[in-house]
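First the structure, in the form of structure tokens, and then the observations on it.
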Amino acid sequence: MDQPLQPGLYIVATPIGNLGDLTTRARAVLCGVAAVACEDTRVTGKLMRHIGLKQKLVRYDDHASEATRDHLLAMAAQQPVALVSDAGTPLVSDPGYKLVRAARERGIAVTAVPGACAPVVALSLSGLPSDRFLFAGFLPAKDKARSAVLDELGAVRTTLVFFETAPRLLASLAAIEDRLTGREVAVARELTKLFEECRSGSPAELIAHYTAHPPKGEIVLLIGPAAERTVTADAGDALLIEALKAHKPSQAAAEVARATGLDRKALYARALALK
């Protein structure tokens with residue numbers, strides 16, 4: 001880097017698999033900082049050794065203390081400090097939000113050094129609509145909570161993007177089949193690595209495939225938006241009346257919203273009136 005870095009916090013994206021994806025600018029910034037805050041010093045240490053650097057590493061994860069955060073902020077006020085995650089863009093379902101927010105509140109300069117981001121890479125591979133998308137981190141592990149999230153977000157007419165683990169993939173696909181019937185789904189895994197894969201289809205098709213071929217590696221799970229449907233007010237009422245036979249108004253509204261793409265809040269108000 002031609003000029004020394006100014007004091008501040010530098011949010012540096014790192015590769016999600018292929019080390020060749022580290023940008024020239026990211027390498028230069030990591031070379032010029034006094035310390036690197038990272039989730040796991042062992043993981044970041046491998047990257048630093050790969051690019052021939054020996055900067056000080058400070059562990060900063062979800063369990064980091066306020067004292068650690070204050071220490072990093074004090075350093076960043078006087079020297080350049082980098083924040084990285086184990087892979088990809090920091091703060092995207094990774095630690096760092098509190099650190100960045102506190103830095104801004106204290107008037108410490110915050111600079112983003114963009115690069116790889118798994119949700120965006122997966123979206124670009126999936127073939128699902130990409131003009132609007134909603135990233136929602138990891139789906140909950142428990143069935144009831146997972147279904148609640150799918151019910152809530154399934155009413156949003158956009159492509160949904162989640163992180164998922166290999167052991168939980170089949171359960172999540174089964175929940176999607178149950179709660180968001182008819183949606184196209186894509187499973188992107190091992191992104192940028194040797195065995196990169198992006199497989200799409202119905203939840204049932206993907207369940208059959210991954211039952212026969214248990215998945216490995218890190219996964220991004222994508223759910224396409226509901227198909228466009230024209231629903232008249234009378235037809236919407238008919239669906240609500242039928243759903244109210246077996247469900248409470250809130251549940252009936254959620255069910256009809258999933259099936260039609262209509263606004264759940266408006267359906268709930270109508271369900272109360274019909275009830």
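Going through the structure tokens in order, the chains are called A, B, and so on, while each chain numbers its residues from 1 and the ligands are numbered from 1 in the order shown.
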
- Task: From a DSSP calculation on the backbone, collect every residue of stretch 30-160 of chain A in alpha helix (DSSP H) and output the set as an MDAnalysis selection string.
- Result: chainID A and resid 30:32 41:50 66:78 97:105 118:126 143:154

Which stretch 106-141 of chain A residues have any atom within 12 Å of an atom of stretch 69-91 of chain A, and for each, what is the nearest pair of atoms with distance in Å to one decimal, counting only C-alpha atoms, rows sorted by chain and number, as a Markdown table?
| residue | atom | partner | partner_atom | distance |
| --- | --- | --- | --- | --- |
| A:Arg106 | CA | A:Leu73 | CA | 8.6 |
| A:Gly107 | CA | A:Ala77 | CA | 8.6 |
| A:Ile108 | CA | A:Ala77 | CA | 5.9 |
| A:Ala109 | CA | A:Ala77 | CA | 8.2 |
| A:Val110 | CA | A:Ala76 | CA | 9.3 |
| A:Thr111 | CA | A:Ala82 | CA | 9.3 |
| A:Ala112 | CA | A:Thr89 | CA | 9.5 |
| A:Val113 | CA | A:Thr89 | CA | 8.9 |
| A:Pro114 | CA | A:Thr89 | CA | 7.0 |
| A:Gly115 | CA | A:Thr89 | CA | 6.7 |
| A:Ala116 | CA | A:Gly88 | CA | 5.1 |
| A:Cys117 | CA | A:Gly88 | CA | 4.9 |
| A:Ala118 | CA | A:Gly88 | CA | 6.5 |
| A:Pro119 | CA | A:Gly88 | CA | 9.5 |
| A:Val120 | CA | A:Gly88 | CA | 10.4 |
| A:Val121 | CA | A:Gly88 | CA | 10.3 |
| A:Gly137 | CA | A:Leu91 | CA | 10.7 |

- Task: Would you list the contacts of stretch 262-271 of chain A as number ranges by chain, taking every protein, DNA or RNA residue within 12 Å and counting only C-alpha atoms, but skipping same-chain residues closer than 5 positions in sequence?
- Result: A: 151-157, 226-245, 247-257

- Message: What's around A:Leu169 at 9 Å? Count only C-alpha atoms, leave out sequence neighbours fewer than 5 positions away in its own chain, and write the answer as a PyMOL selection string.
- Response: chain A and resi 164+174+207+210+215+219+221

- Which residue, A:Glu196, A:Asp61, A:Asp131, A:Asp143, has the smallest gap to A:Leu173 when you use only C-alpha atoms? A:Asp143

- Query: When distances are computed from only C-alpha atoms, which of A:Pro203, A:Gly182, A:Pro95, A:Gly45 shows the smallest separation from A:Ile11?
  - Reply: A:Pro95

- Query: Per DSSP on the backbone, what are the strand (DSSP E) residues of stretch 29-256 of chain A, as a ChimeraX atom specification?
  - Reply: /A:35-38,56-59,80-83,110-113,133-138,159-164,185-189,197-201,219-223

Take the selection from the previous step and output its residues with N, CA and C atoms, as a compact mmCIF listing (two decimals), in the first residue's frame.
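Now in selection.txt:
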# COMPACT_ATOMS: atom_id res chain seq x y z
N ALA A 35 -3.55 -4.77 14.11
CA ALA A 35 -4.13 -5.98 14.69
C ALA A 35 -5.34 -6.40 13.87
N VAL A 36 -5.68 -7.69 13.99
CA VAL A 36 -6.83 -8.24 13.28
C VAL A 36 -7.78 -8.89 14.30
N ALA A 37 -8.99 -8.39 14.40
CA ALA A 37 -10.01 -8.99 15.25
C ALA A 37 -10.69 -10.09 14.44
N CYS A 38 -10.78 -11.30 15.02
CA CYS A 38 -11.29 -12.43 14.25
C CYS A 38 -12.08 -13.38 15.13
N LYS A 56 -0.86 -9.12 14.71
CA LYS A 56 -1.45 -9.56 15.96
C LYS A 56 -2.92 -9.94 15.73
N LEU A 57 -3.33 -11.11 16.25
CA LEU A 57 -4.71 -11.56 16.13
C LEU A 57 -5.39 -11.46 17.48
N VAL A 58 -6.59 -10.89 17.52
CA VAL A 58 -7.38 -10.74 18.75
C VAL A 58 -8.70 -11.47 18.55
N ARG A 59 -8.99 -12.45 19.38
CA ARG A 59 -10.24 -13.19 19.24
C ARG A 59 -11.44 -12.29 19.56
N PRO A 80 -4.76 1.56 12.79
CA PRO A 80 -5.71 0.81 11.96
C PRO A 80 -5.89 -0.61 12.50
N VAL A 81 -7.15 -1.05 12.63
CA VAL A 81 -7.48 -2.38 13.11
C VAL A 81 -8.46 -3.01 12.13
N ALA A 82 -8.23 -4.27 11.78
CA ALA A 82 -9.13 -4.97 10.86
C ALA A 82 -10.09 -5.87 11.62
N LEU A 83 -11.28 -6.02 11.09
CA LEU A 83 -12.26 -6.99 11.58
C LEU A 83 -12.53 -7.98 10.46
N VAL A 110 -14.86 4.03 10.18
CA VAL A 110 -15.16 2.65 9.80
C VAL A 110 -15.11 2.56 8.28
N THR A 111 -14.31 1.63 7.77
CA THR A 111 -14.12 1.47 6.33
C THR A 111 -14.44 0.04 5.93
N ALA A 112 -15.25 -0.14 4.89
CA ALA A 112 -15.56 -1.48 4.39
C ALA A 112 -14.64 -1.85 3.25
N VAL A 113 -14.13 -3.07 3.31
CA VAL A 113 -13.29 -3.61 2.23
C VAL A 113 -14.03 -4.84 1.70
N PHE A 133 -34.40 -9.98 -2.70
CA PHE A 133 -34.17 -11.16 -1.87
C PHE A 133 -34.06 -10.75 -0.42
N LEU A 134 -34.32 -11.73 0.46
CA LEU A 134 -34.30 -11.48 1.89
C LEU A 134 -33.39 -12.52 2.53
N PHE A 135 -32.31 -12.06 3.14
CA PHE A 135 -31.41 -12.96 3.85
C PHE A 135 -31.79 -12.99 5.32
N ALA A 136 -31.96 -14.19 5.88
CA ALA A 136 -32.45 -14.30 7.25
C ALA A 136 -31.60 -15.20 8.12
N GLY A 137 -30.31 -15.29 7.83
CA GLY A 137 -29.42 -16.07 8.69
C GLY A 137 -29.77 -17.54 8.70
N PHE A 138 -29.60 -18.19 9.85
CA PHE A 138 -29.90 -19.61 10.00
C PHE A 138 -31.37 -19.82 10.35
N THR A 159 -37.28 -13.89 -3.02
CA THR A 159 -36.46 -15.07 -2.79
C THR A 159 -35.90 -15.01 -1.37
N LEU A 160 -36.07 -16.09 -0.62
CA LEU A 160 -35.58 -16.17 0.75
C LEU A 160 -34.24 -16.90 0.77
N VAL A 161 -33.30 -16.38 1.54
CA VAL A 161 -31.95 -16.95 1.60
C VAL A 161 -31.60 -17.24 3.06
N PHE A 162 -31.19 -18.48 3.33
CA PHE A 162 -30.82 -18.88 4.68
C PHE A 162 -29.48 -19.61 4.66
N PHE A 163 -28.77 -19.57 5.78
CA PHE A 163 -27.68 -20.50 6.01
C PHE A 163 -28.29 -21.77 6.62
N GLU A 164 -27.66 -22.92 6.35
CA GLU A 164 -28.13 -24.16 6.96
C GLU A 164 -26.95 -25.09 7.16
N VAL A 185 -36.86 -24.58 -4.74
CA VAL A 185 -35.83 -24.46 -3.72
C VAL A 185 -34.47 -24.76 -4.35
N ALA A 186 -33.43 -24.11 -3.84
CA ALA A 186 -32.06 -24.40 -4.29
C ALA A 186 -31.18 -24.63 -3.08
N VAL A 187 -30.28 -25.58 -3.21
CA VAL A 187 -29.29 -25.88 -2.18
C VAL A 187 -27.91 -25.62 -2.78
N ALA A 188 -27.22 -24.63 -2.24
CA ALA A 188 -25.87 -24.30 -2.71
C ALA A 188 -24.89 -24.67 -1.60
N ARG A 189 -23.90 -25.48 -1.92
CA ARG A 189 -22.98 -25.91 -0.87
C ARG A 189 -21.54 -25.93 -1.39
N GLU A 197 -21.49 -27.08 -5.48
CA GLU A 197 -22.72 -27.63 -6.06
C GLU A 197 -23.86 -26.67 -5.80
N CYS A 198 -24.72 -26.50 -6.80
CA CYS A 198 -25.96 -25.78 -6.61
C CYS A 198 -27.05 -26.59 -7.30
N ARG A 199 -27.91 -27.20 -6.50
CA ARG A 199 -28.96 -28.10 -7.00
C ARG A 199 -30.31 -27.49 -6.68
N SER A 200 -31.20 -27.45 -7.68
CA SER A 200 -32.52 -26.86 -7.47
C SER A 200 -33.62 -27.84 -7.84
N GLY A 201 -34.81 -27.57 -7.34
CA GLY A 201 -35.96 -28.41 -7.61
C GLY A 201 -37.00 -28.22 -6.53
N ILE A 219 -23.73 -24.79 3.76
CA ILE A 219 -24.87 -24.75 2.85
C ILE A 219 -25.58 -23.40 2.91
N VAL A 220 -25.99 -22.93 1.73
CA VAL A 220 -26.92 -21.82 1.63
C VAL A 220 -28.20 -22.39 1.02
N LEU A 221 -29.31 -22.16 1.69
CA LEU A 221 -30.60 -22.69 1.28
C LEU A 221 -31.46 -21.53 0.77
N LEU A 222 -31.99 -21.66 -0.44
CA LEU A 222 -32.76 -20.58 -1.06
C LEU A 222 -34.16 -21.07 -1.41
N ILE A 223 -35.15 -20.23 -1.20
CA ILE A 223 -36.55 -20.54 -1.48
C ILE A 223 -37.10 -19.48 -2.41

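With only C-alpha atoms as the atoms that count, the minimum distance from A:Lys193 to the choices A:Ser147, A:Asn18, A:Thr181, A:Gln3 is reached by A:Asn18.
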
- Could you please determine the separation between atom CA of A:Ala208 and atom CA of A:Arg183 in Å, to one decimal place?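 For atom CA of A:Ala208 relative to atom CA of A:Arg183, the distance reads 16.1 Å.
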
- A:Pro140, A:Gly217, A:Arg179, A:Ser126 ranked by distance to A:Phe195, top pick (using only C-alpha atoms):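 Going through A:Pro140, A:Gly217, A:Arg179, A:Ser126 one by one, the smallest distance to A:Phe195 is for A:Gly217.
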
- Shortest interatomic distance to A:Leu139 - which of A:Val100, A:Pro225, A:Ser93, A:Thr68, counting only C-alpha atoms: A:Ser93

- Query: What is the distance, in Å and to one decimal place, between atom CA of A:Leu206 and atom CA of A:Ala171?
  - Reply: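 Pair atom CA of A:Leu206 / atom CA of A:Ala171 returns 11.4 Å.
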
- Of the candidates A:Val33, A:Thr44, A:Gly96, A:Gln6, which shows the shortest atom-to-atom distance to A:His63, using only C-alpha atoms?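 Selected residue with least distance to A:His63: A:Gly96.
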